[in-house]
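File shown here: coords_15.cif, holding mmCIF, C-alpha atoms.
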```cif
data_model
loop_
_atom_site.label_atom_id
_atom_site.label_comp_id
_atom_site.auth_asym_id
_atom_site.auth_seq_id
_atom_site.Cartn_x
_atom_site.Cartn_y
_atom_site.Cartn_z
CA MET F 83 0.00 0.00 0.00
CA ALA F 84 2.82 2.40 0.90
CA THR F 85 4.40 1.44 -2.40
CA LEU F 86 1.35 2.62 -4.34
CA ALA F 87 1.23 5.88 -2.35
CA ILE F 88 4.89 6.65 -3.04
CA SER F 89 4.57 5.85 -6.73
CA GLN F 90 1.77 8.42 -6.90
CA THR F 91 3.48 11.06 -4.75
CA MET F 92 6.78 11.08 -6.63
CA PRO F 93 7.13 12.63 -10.09
CA GLY F 94 7.06 10.33 -13.11
CA LEU F 95 4.51 7.96 -14.59
CA ASN F 96 2.65 6.21 -11.79
CA SER F 97 2.72 2.82 -13.51
CA VAL F 98 6.47 2.99 -14.13
CA ASN F 99 7.12 4.12 -10.55
CA LEU F 100 5.01 1.27 -9.19
CA ALA F 101 6.88 -1.27 -11.34
CA LEU F 102 10.22 0.16 -10.14
CA LEU F 103 9.30 -0.12 -6.47
CA ALA F 104 7.79 -3.60 -6.81
CA GLY F 105 10.85 -4.80 -8.74
CA ASP F 106 13.15 -3.22 -6.16
CA GLN F 107 11.42 -5.00 -3.28
CA LEU F 108 11.56 -8.36 -5.03
CA ARG F 109 15.06 -8.34 -6.57
CA GLY F 110 16.81 -5.05 -5.75
CA SER F 111 18.16 -2.69 -8.41
CA MET F 112 18.17 -5.28 -11.18
CA GLY F 113 14.57 -6.17 -10.35
CA ALA F 114 13.57 -2.51 -10.54
CA LEU F 115 15.32 -2.11 -13.88
CA SER F 116 13.78 -5.24 -15.41
CA ALA F 117 10.28 -4.42 -14.16
CA ALA F 118 10.33 -0.89 -15.59
CA PHE F 119 11.92 -2.05 -18.83
CA GLY F 120 9.43 -4.90 -19.24
CA LEU F 121 6.52 -2.53 -18.70
CA MET F 122 7.78 -0.03 -21.28
CA LEU F 123 9.12 -2.35 -23.98
CA PRO F 124 5.88 -3.37 -25.80
CA GLY F 125 4.45 0.18 -25.84
CA GLY F 126 7.79 1.66 -26.84
CA ALA F 127 8.14 -0.74 -29.75
CA PHE F 128 4.55 -0.05 -30.82
CA VAL F 129 4.84 3.75 -30.85
CA LEU F 130 8.16 3.59 -32.69
CA VAL F 131 6.77 1.39 -35.47
CA VAL F 132 3.51 3.33 -35.86
CA GLY F 133 5.09 6.73 -35.20
CA VAL F 134 7.83 6.19 -37.76
CA SER F 135 5.28 5.24 -40.41
CA TYR F 136 3.40 8.42 -39.48
CA SER F 137 6.55 10.49 -39.86
CA THR F 138 7.11 9.13 -43.35
CA GLY F 139 3.51 8.81 -44.63
CA GLY F 140 1.64 11.36 -42.49
CA GLN F 141 0.96 13.70 -45.38
CA HIS F 142 -1.33 11.30 -47.24
CA PRO F 143 -4.85 12.83 -47.18
CA PHE F 144 -6.57 9.67 -45.90
CA VAL F 145 -3.99 9.22 -43.13
CA ASN F 146 -4.63 12.82 -42.12
CA VAL F 147 -8.40 12.42 -41.74
CA LEU F 148 -7.88 9.09 -39.94
CA LEU F 149 -5.57 10.84 -37.47
CA ALA F 150 -8.03 13.70 -37.05
CA GLY F 151 -10.68 11.16 -35.96
CA ILE F 152 -8.23 9.31 -33.72
CA ALA F 153 -7.19 12.62 -32.11
CA ALA F 154 -10.84 13.46 -31.40
CA GLY F 155 -11.26 10.03 -29.79
CA ALA F 156 -8.07 10.47 -27.75
CA THR F 157 -9.39 13.83 -26.51
CA GLY F 158 -12.53 12.06 -25.28
CA LEU F 159 -10.39 9.42 -23.56
CA LEU F 160 -8.19 12.02 -21.85
CA ALA F 161 -11.28 13.95 -20.72
CA SER F 162 -12.85 10.79 -19.28
CA VAL F 163 -9.65 9.84 -17.43
CA THR F 164 -9.42 13.37 -16.02
CA TYR F 165 -13.07 13.24 -14.98
CA THR F 166 -12.69 9.83 -13.31
CA ILE F 167 -9.60 10.87 -11.36
CA GLY F 168 -10.96 14.32 -10.58
CA LYS F 169 -14.63 13.73 -9.70
CA ARG F 170 -13.95 13.37 -5.96
CA HIS F 171 -12.09 16.67 -6.07
CA PHE F 172 -14.35 18.78 -8.26
CA VAL F 173 -16.99 18.79 -5.49
CA ARG F 174 -14.70 19.90 -2.65
CA LEU F 175 -14.19 23.63 -2.31
CA LYS F 176 -10.51 23.49 -1.35
CA SER F 177 -9.62 21.04 -4.13
CA LEU F 178 -11.70 22.94 -6.64
CA PHE F 179 -9.85 26.15 -5.79
CA MET F 180 -6.49 24.38 -6.33
CA ILE F 181 -7.66 22.84 -9.62
CA VAL F 182 -9.03 26.09 -11.04
CA ALA F 183 -6.00 28.15 -9.90
CA THR F 184 -3.59 25.64 -11.48
CA PHE F 185 -5.58 25.57 -14.72
CA VAL F 186 -5.78 29.38 -14.93
CA LEU F 187 -2.03 29.83 -14.31
CA MET F 188 -1.16 27.16 -16.88
CA SER F 189 -3.73 27.67 -19.64
CA VAL F 190 -4.90 31.27 -19.28
CA PHE F 191 -1.80 33.10 -18.00
CA LYS F 192 0.49 30.63 -19.83
CA PHE F 193 2.96 30.34 -16.95
CA SER F 194 5.66 27.76 -17.51
CA LEU F 195 5.14 24.55 -15.53
CA VAL F 196 8.06 25.34 -13.18
CA TRP F 197 6.36 28.58 -12.14
CA VAL F 198 2.95 26.98 -11.80
CA LEU F 199 4.45 24.45 -9.38
CA LEU F 200 6.50 27.09 -7.52
CA VAL F 201 3.27 29.01 -6.89
CA MET F 202 0.82 26.16 -6.32
CA VAL F 203 2.85 23.61 -4.33
CA PRO F 204 3.48 25.93 -1.32
CA ILE F 205 -0.20 26.95 -1.32
CA GLY F 206 -1.20 23.28 -1.48
CA LEU F 207 1.21 22.27 1.30
CA TYR F 208 -0.22 25.02 3.49
CA LEU F 209 -3.85 24.10 2.78
CA TYR F 210 -3.27 20.37 3.23
CA ARG F 211 -0.70 20.53 6.06
CA PRO F 212 -0.90 17.67 8.58
CA GLY F 213 -4.00 18.01 10.74
CA GLN F 214 -6.09 19.62 7.99
CA GLN F 215 -8.99 17.83 6.31
CA PRO F 216 -8.08 16.91 2.70
CA MET Q 96 23.46 23.50 -28.83
CA SER Q 97 23.45 19.94 -30.08
CA ILE Q 98 19.95 18.63 -30.60
CA LEU Q 99 20.60 15.52 -28.49
CA LEU Q 100 21.69 17.63 -25.53
CA GLN Q 101 18.66 19.87 -25.98
CA LEU Q 102 16.36 16.80 -26.08
CA ALA Q 103 18.01 15.39 -22.95
CA LEU Q 104 17.60 18.67 -21.04
CA THR Q 105 14.00 19.22 -22.13
CA PHE Q 106 12.74 15.73 -21.34
CA GLY Q 107 14.90 15.45 -18.20
CA MET Q 108 13.21 18.57 -16.83
CA LEU Q 109 9.75 17.30 -17.82
CA SER Q 110 10.54 14.04 -15.98
CA ILE Q 111 11.16 15.86 -12.67
CA LEU Q 112 8.10 18.08 -13.16
CA ALA Q 113 5.71 15.20 -13.90
CA VAL Q 114 3.84 15.39 -10.60
CA GLY Q 115 0.84 13.09 -10.49
CA GLY Q 116 1.79 11.26 -13.68
CA GLY Q 117 2.77 11.94 -17.26
CA THR Q 118 -0.45 13.61 -18.34
CA ALA Q 119 0.35 16.56 -16.06
CA VAL Q 120 3.25 17.61 -18.30
CA LEU Q 121 1.29 17.41 -21.58
CA PRO Q 122 0.61 21.16 -22.00
CA GLU Q 123 4.21 22.06 -21.06
CA MET Q 124 5.56 19.41 -23.44
CA GLN Q 125 3.38 20.75 -26.25
CA THR Q 126 4.61 24.31 -25.64
CA LEU Q 127 8.28 23.32 -25.38
CA LEU Q 128 8.23 21.09 -28.47
CA ALA Q 129 6.63 23.87 -30.51
CA ALA Q 130 9.01 26.57 -29.25
CA GLN Q 131 12.27 24.62 -29.34
CA PHE Q 132 11.79 21.98 -32.01
CA ASN Q 133 9.12 23.39 -34.34
CA ILE Q 134 6.66 20.53 -33.75
CA ASP Q 135 3.28 22.15 -34.39
CA HIS Q 136 0.27 21.47 -32.18
CA THR Q 137 -1.51 19.30 -34.75
CA ALA Q 138 1.50 17.01 -35.19
CA PHE Q 139 1.89 16.90 -31.40
CA VAL Q 140 -1.72 15.84 -30.90
CA HIS Q 141 -1.51 13.26 -33.72
CA ILE Q 142 1.54 11.64 -32.13
CA TYR Q 143 -0.02 11.84 -28.67
CA SER Q 144 -3.15 10.12 -30.00
CA ILE Q 145 -1.19 7.34 -31.69
CA GLY Q 146 0.46 6.79 -28.29
CA GLN Q 147 -2.94 6.21 -26.68
CA LEU Q 148 -3.34 3.08 -28.82
CA ALA Q 149 -0.14 1.57 -27.41
CA PRO Q 150 -0.09 -0.96 -24.56
CA GLY Q 151 1.55 0.00 -21.26
CA PRO Q 152 2.39 3.45 -19.88
CA ASN Q 153 0.47 6.23 -21.64
CA MET Q 154 3.41 8.49 -22.47
CA MET Q 155 5.61 6.16 -24.55
CA MET Q 156 4.88 8.43 -27.53
CA VAL Q 157 7.69 10.72 -26.31
CA LEU Q 158 10.00 8.32 -28.17
CA VAL Q 159 8.42 9.38 -31.48
CA PHE Q 160 9.42 13.02 -30.93
CA GLY Q 161 12.99 11.90 -30.25
CA PHE Q 162 12.92 9.77 -33.39
CA GLN Q 163 11.52 12.56 -35.57
CA LEU Q 164 14.16 15.02 -34.41
CA ALA Q 165 17.26 12.84 -34.19
CA GLY Q 166 16.58 9.27 -35.35
CA LEU Q 167 16.90 6.17 -33.17
CA LEU Q 168 19.60 7.84 -31.10
CA GLY Q 169 17.15 10.67 -30.40
CA ALA Q 170 14.50 8.16 -29.30
CA GLY Q 171 17.03 6.53 -26.96
CA VAL Q 172 18.07 9.88 -25.46
CA VAL Q 173 14.44 10.86 -24.87
CA LEU Q 174 13.69 7.47 -23.27
CA LEU Q 175 16.58 7.82 -20.82
CA ALA Q 176 15.99 11.53 -20.14
CA PHE Q 177 12.27 11.17 -19.56
CA PHE Q 178 12.44 8.08 -17.32
CA ILE Q 179 15.77 8.11 -15.43
CA PRO Q 180 15.40 11.30 -13.31
CA SER Q 181 11.93 10.47 -11.97
CA SER Q 182 12.85 6.78 -11.55
CA VAL Q 183 15.97 7.54 -9.51
CA LEU Q 184 13.94 9.93 -7.32
CA CYS Q 185 11.16 7.40 -6.83
CA LEU Q 186 13.53 4.51 -6.06
CA SER Q 187 15.50 6.56 -3.54
CA MET Q 188 12.31 7.69 -1.85
CA GLY Q 189 10.95 4.13 -1.85
CA ARG Q 190 14.08 2.85 -0.10
CA LEU Q 191 14.12 5.72 2.38
CA TRP Q 192 10.51 4.82 3.05
CA GLN Q 193 11.36 1.27 4.04
CA LYS Q 194 13.60 2.75 6.75
CA ILE Q 195 11.61 5.66 8.14
CA GLY Q 196 8.00 4.58 7.57
CA GLU Q 197 4.93 6.74 7.06
CA ARG Q 198 5.14 10.42 8.06
CA PRO Q 199 2.18 12.86 8.27
CA TRP Q 200 3.95 15.13 5.79
CA ARG Q 201 4.05 12.43 3.11
CA ARG Q 202 0.26 12.37 3.14
CA ALA Q 203 0.18 16.19 3.10
CA VAL Q 204 2.44 16.29 0.04
CA GLN Q 205 0.28 13.74 -1.76
CA ASN Q 206 -2.91 15.64 -0.84
CA ALA Q 207 -1.42 18.90 -2.10
CA LEU Q 208 -0.16 17.43 -5.35
CA GLU Q 209 -3.40 15.63 -6.21
CA PRO Q 210 -5.56 18.69 -7.07
CA ILE Q 211 -2.57 20.38 -8.75
CA SER Q 212 -2.11 17.38 -11.03
CA ILE Q 213 -5.85 17.33 -11.78
CA GLY Q 214 -5.66 21.04 -12.70
CA LEU Q 215 -2.72 20.24 -14.97
CA MET Q 216 -4.69 17.37 -16.53
CA CYS Q 217 -7.53 19.82 -17.24
CA SER Q 218 -4.95 22.04 -18.95
CA GLY Q 219 -3.86 18.94 -20.88
CA VAL Q 220 -7.43 18.23 -22.02
CA TYR Q 221 -7.77 21.88 -23.06
CA ALA Q 222 -4.47 21.86 -24.96
CA VAL Q 223 -5.23 18.63 -26.79
CA ALA Q 224 -8.84 19.64 -27.51
CA LYS Q 225 -7.76 22.98 -28.99
CA ALA Q 226 -5.80 21.15 -31.67
CA ALA Q 227 -8.05 18.09 -32.09
CA VAL Q 228 -11.59 19.41 -31.72
CA VAL Q 229 -12.06 21.76 -34.64
CA GLY Q 230 -15.64 21.35 -35.89
CA PRO Q 231 -19.02 19.68 -35.33
CA LEU Q 232 -17.78 16.23 -36.39
CA THR Q 233 -14.72 16.15 -34.14
CA ILE Q 234 -16.81 17.57 -31.25
CA THR Q 235 -19.33 14.75 -31.73
CA LEU Q 236 -16.61 12.09 -31.90
CA ALA Q 237 -14.86 13.43 -28.78
CA VAL Q 238 -18.07 13.68 -26.73
CA ALA Q 239 -19.25 10.23 -27.88
CA THR Q 240 -15.88 8.67 -26.93
CA PHE Q 241 -15.95 10.46 -23.57
CA ALA Q 242 -19.47 9.20 -22.78
CA VAL Q 243 -18.94 5.61 -23.95
CA ILE Q 244 -15.66 5.21 -22.02
CA LEU Q 245 -17.26 6.69 -18.92
CA PHE Q 246 -20.48 4.69 -18.95
CA THR Q 247 -19.50 1.34 -20.48
CA ARG Q 248 -16.65 -1.11 -20.17
CA VAL Q 249 -15.63 -0.92 -23.83
CA ASN Q 250 -11.85 -0.96 -24.28
CA PRO Q 251 -10.79 2.68 -25.01
CA VAL Q 252 -8.53 1.47 -27.83
CA PHE Q 253 -11.57 0.29 -29.80
CA MET Q 254 -13.33 3.60 -29.15
CA ILE Q 255 -10.36 5.61 -30.41
CA LEU Q 256 -9.96 3.37 -33.47
CA GLY Q 257 -13.72 3.58 -34.07
CA ALA Q 258 -13.63 7.37 -33.84
CA GLY Q 259 -10.71 7.37 -36.26
CA GLY Q 260 -12.37 5.05 -38.77
CA LEU Q 261 -15.80 6.66 -38.64
CA GLY Q 262 -14.32 10.15 -38.68
CA ALA Q 263 -12.08 9.30 -41.63
CA LEU Q 264 -14.99 7.91 -43.66
CA LEU Q 265 -17.24 10.90 -42.98
CA MET Q 266 -14.47 13.43 -43.66
CA HIS Q 267 -13.04 11.68 -46.69
CA PHE Q 268 -16.24 10.69 -48.52
CA PHE Q 269 -18.79 13.24 -47.30
CA GLY Q 270 -16.53 16.22 -46.70
CA LEU Q 271 -17.75 16.70 -43.11
CA HIS Q 272 -15.54 18.40 -40.51
#
```

What is this structure when it is put down as structure tokens?
Amino acid sequence: MATLAISQTMPGLNSVNLALLAGDQLRGSMGALSAAFGLMLPGGAFVLVVGVSYSTGGQHPFVNVLLAGIAAGATGLLASVTYTIGKRHFVRLKSLFMIVATFVLMSVFKFSLVWVLLVMVPIGLYLYRPGQQP
Amino acid sequence: MSILLQLALTFGMLSILAVGGGTAVLPEMQTLLAAQFNIDHTAFVHIYSIGQLAPGPNMMMVLVFGFQLAGLLGAGVVLLAFFIPSSVLCLSMGRLWQKIGERPWRRAVQNALEPISIGLMCSGVYAVAKAAVVGPLTITLAVATFAVILFTRVNPVFMILGAGGLGALLMHFFGLH
């Protein structure tokens, strides 16, 4: 359980972090390396093969409309993932304030991510300091 | 500056900044790739979307940017730069954890980062939608995919492929947009 929490707290992809920690606990550094590598290998090979064909043939008109449809679908997927992860938080005032402030700094004021985090993380740590309700 | 070094620095920084998962750095990645490497938002969203069809972690498509800019070596540099910094941090913290155990501040950090990463994901949805949702047809496809994934157990890959196929047919043969 602690392993899952750490993989979500630390930067990086949650799934990769989880694989690293599980591998580390089972077989040390080599276990961590193999677990992360095994998780990434199939997807990495897939995107390289498909992505390289896109780079060479992406200008074909039919490929372009196909990708336009796929991009619309991927937008729907990303929105649904965001909704599923966020629905607990959208209804809490404190979380909602953090979400909206982060979005406005990033997408409206176009701050760079470093600045967004430098502003929002201290505010978040203060609001969620130990002893406060989440 | 050599392009490999520039790739390593860009993706190394994104790796450290990826709080709450890879999706949180999407808008920043889109901005940086456009500013530093001339990858326009449409190409970015196309490559991102191809990546969503892949098995495993949802950000493996970073390799494609490396490949486009500097060949297989570029893909390798991006892989190492995007995954090593965060992995080393996570492993060190995981080991430290085994020794010191749970602290109230760990929970506070996670609680603070959660809404920030959701805000960043909303920015990611907005950034991707701006390039991908351009007319009535793409709006319909995006909303339909959103609803079906949310309310049914259909594998998202089939939904995305379906949106692609249906969209392509309607755009190609009926001129819809």

*Hey, can you check how far atom CA of Val201 of chain F sits from atom CA of Gly196 of chain Q?*
28.8 Å

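Minimum atom-to-atom distances from F:Pro143, F:Ser89, F:Val132, F:Phe191 to Cys185 of chain Q were compared using all atoms listed in the file, and the lowest value belongs to F:Ser89.
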
*Mind checking which residues fall within 12 Å of Ala129 of chain Q, counting all atoms listed in the file, ignoring those fewer than 5 positions away in the same chain, and posting them as an MDAnalysis selection string?*
chainID Q and resid 122:124 134:140 160

Could you save the residues just selected, with C-alpha atoms, as a PDB file, in the coordinates of the input?
```
ATOM      1  CA  PRO Q 122       0.610  21.160 -22.000  1.00  0.00           C
ATOM      2  CA  GLU Q 123       4.210  22.060 -21.060  1.00  0.00           C
ATOM      3  CA  MET Q 124       5.560  19.410 -23.440  1.00  0.00           C
ATOM      4  CA  ILE Q 134       6.660  20.530 -33.750  1.00  0.00           C
ATOM      5  CA  ASP Q 135       3.280  22.150 -34.390  1.00  0.00           C
ATOM      6  CA  HIS Q 136       0.270  21.470 -32.180  1.00  0.00           C
ATOM      7  CA  THR Q 137      -1.510  19.300 -34.750  1.00  0.00           C
ATOM      8  CA  ALA Q 138       1.500  17.010 -35.190  1.00  0.00           C
ATOM      9  CA  PHE Q 139       1.890  16.900 -31.400  1.00  0.00           C
ATOM     10  CA  VAL Q 140      -1.720  15.840 -30.900  1.00  0.00           C
ATOM     11  CA  PHE Q 160       9.420  13.020 -30.930  1.00  0.00           C
TER      12      PHE Q 160
END
```

Translate the PyMOL selection byres ((chain F and resi 164) around 10) into a concrete residue list for this structure, as a PDB file with C-alpha atoms, keeping the file's coordinate frame.
```
ATOM      1  CA  GLY F 158     -12.530  12.060 -25.280  1.00  0.00           C
ATOM      2  CA  LEU F 159     -10.390   9.420 -23.560  1.00  0.00           C
ATOM      3  CA  LEU F 160      -8.190  12.020 -21.850  1.00  0.00           C
ATOM      4  CA  ALA F 161     -11.280  13.950 -20.720  1.00  0.00           C
ATOM      5  CA  SER F 162     -12.850  10.790 -19.280  1.00  0.00           C
ATOM      6  CA  VAL F 163      -9.650   9.840 -17.430  1.00  0.00           C
ATOM      7  CA  TYR F 165     -13.070  13.240 -14.980  1.00  0.00           C
ATOM      8  CA  THR F 166     -12.690   9.830 -13.310  1.00  0.00           C
ATOM      9  CA  ILE F 167      -9.600  10.870 -11.360  1.00  0.00           C
ATOM     10  CA  GLY F 168     -10.960  14.320 -10.580  1.00  0.00           C
ATOM     11  CA  LYS F 169     -14.630  13.730  -9.700  1.00  0.00           C
TER      12      LYS F 169
ATOM     13  CA  THR Q 118      -0.450  13.610 -18.340  1.00  0.00           C
ATOM     14  CA  SER Q 212      -2.110  17.380 -11.030  1.00  0.00           C
ATOM     15  CA  ILE Q 213      -5.850  17.330 -11.780  1.00  0.00           C
ATOM     16  CA  GLY Q 214      -5.660  21.040 -12.700  1.00  0.00           C
ATOM     17  CA  LEU Q 215      -2.720  20.240 -14.970  1.00  0.00           C
ATOM     18  CA  MET Q 216      -4.690  17.370 -16.530  1.00  0.00           C
ATOM     19  CA  CYS Q 217      -7.530  19.820 -17.240  1.00  0.00           C
ATOM     20  CA  GLY Q 219      -3.860  18.940 -20.880  1.00  0.00           C
ATOM     21  CA  VAL Q 220      -7.430  18.230 -22.020  1.00  0.00           C
TER      22      VAL Q 220
END
```

*Of the residues Q:Ser187, Q:Ser181, Q:Thr233, Q:Gln125, which is the one nearest to Gly110 of chain F, using all atoms listed in the file?*
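For Gly110 of chain F, the nearest of the given residues is Q:Ser187.
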
*asked:* Using only C-alpha atoms for the distances, tell me which of F:Asn146, F:Ser111, F:Thr184, F:Ser135 is nearest to chain Q.
replied: F:Thr184

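For the point (7.0, -0.5, -35.0), the residues with an atom at a distance of at most 12 Å are Leu123, Pro124, Gly125, Gly126, Ala127, Phe128, Val129, Leu130, Val131, Val132, Gly133, Val134, Ser135 and Tyr136 of chain F; Ile145, Gly146, Ala149, Met156, Leu158, Val159 and Phe162 of chain Q, counting only C-alpha atoms.
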
Since we have the selection now, will you write its residues out, keeping C-alpha atoms, as an mmCIF file, in the frame of the given file?
```cif
data_model
loop_
_atom_site.group_PDB
_atom_site.id
_atom_site.type_symbol
_atom_site.label_atom_id
_atom_site.label_comp_id
_atom_site.auth_asym_id
_atom_site.auth_seq_id
_atom_site.Cartn_x
_atom_site.Cartn_y
_atom_site.Cartn_z
ATOM 1 C CA LEU F 123 9.120 -2.350 -23.980
ATOM 2 C CA PRO F 124 5.880 -3.370 -25.800
ATOM 3 C CA GLY F 125 4.450 0.180 -25.840
ATOM 4 C CA GLY F 126 7.790 1.660 -26.840
ATOM 5 C CA ALA F 127 8.140 -0.740 -29.750
ATOM 6 C CA PHE F 128 4.550 -0.050 -30.820
ATOM 7 C CA VAL F 129 4.840 3.750 -30.850
ATOM 8 C CA LEU F 130 8.160 3.590 -32.690
ATOM 9 C CA VAL F 131 6.770 1.390 -35.470
ATOM 10 C CA VAL F 132 3.510 3.330 -35.860
ATOM 11 C CA GLY F 133 5.090 6.730 -35.200
ATOM 12 C CA VAL F 134 7.830 6.190 -37.760
ATOM 13 C CA SER F 135 5.280 5.240 -40.410
ATOM 14 C CA TYR F 136 3.400 8.420 -39.480
ATOM 15 C CA ILE Q 145 -1.190 7.340 -31.690
ATOM 16 C CA GLY Q 146 0.460 6.790 -28.290
ATOM 17 C CA ALA Q 149 -0.140 1.570 -27.410
ATOM 18 C CA MET Q 156 4.880 8.430 -27.530
ATOM 19 C CA LEU Q 158 10.000 8.320 -28.170
ATOM 20 C CA VAL Q 159 8.420 9.380 -31.480
ATOM 21 C CA PHE Q 162 12.920 9.770 -33.390
#
```

*asked:* Report, in Å to a single decimal, how far apart atom CA of Arg201 of chain Q and atom CA of Leu109 of chain Q are.
replied: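 About the pair atom CA of Leu109 of chain Q and atom CA of Arg201 of chain Q: they are 22.2 Å apart.
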
*From the set F:Arg170, F:Arg109, F:Lys176, F:Lys192, which residue has the shortest atom-to-atom contact distance to Tyr210 of chain F, counting only C-alpha atoms?*
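Selected residue with least distance to Tyr210 of chain F: F:Lys176.
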
*Given the file shown, enumerate the residues that the PyMOL selection byres ((chain F and resi 97) around 10) captures and present them as a VMD selection string.*
(chain F and resid 86 89 to 90 94 to 96 98 to 102 118 121 to 122) or (chain Q and resid 116 to 117 151 to 153)

*Selection near Val203 of chain F, 12 Å with all atoms listed in the file, sequence-local residues under 2 positions removed, as a ChimeraX atom specification*: /F:180-181,183-184,195-201,205-211 /Q:112,114,203-212

_Between atom CA of Met266 of chain Q and atom CA of Val147 of chain F - distance in Å to one decimal_ = 6.4 Å

*Name every residue that the PyMOL selection byres ((chain Q and resi 165) around 12) selects in this structure, writing the answer as a list in words with chains first and numbers rising.*
Ser97, Ile98, Leu99, Leu100, Gln101, Leu102, Ala103, Phe132, Leu158, Val159, Phe160, Gly161, Phe162, Gln163, Leu164, Gly166, Leu167, Leu168, Gly169, Ala170, Gly171, Val172 and Val173 of chain Q

*Taking into account all atoms listed in the file, which residue in the set Q:Val243, Q:Phe269, Q:Gly189, Q:Ser110 is nearest to Gly257 of chain Q?*
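Of Q:Val243, Q:Phe269, Q:Gly189, Q:Ser110, the one nearest Gly257 of chain Q, counting all atoms listed in the file, is Q:Val243.
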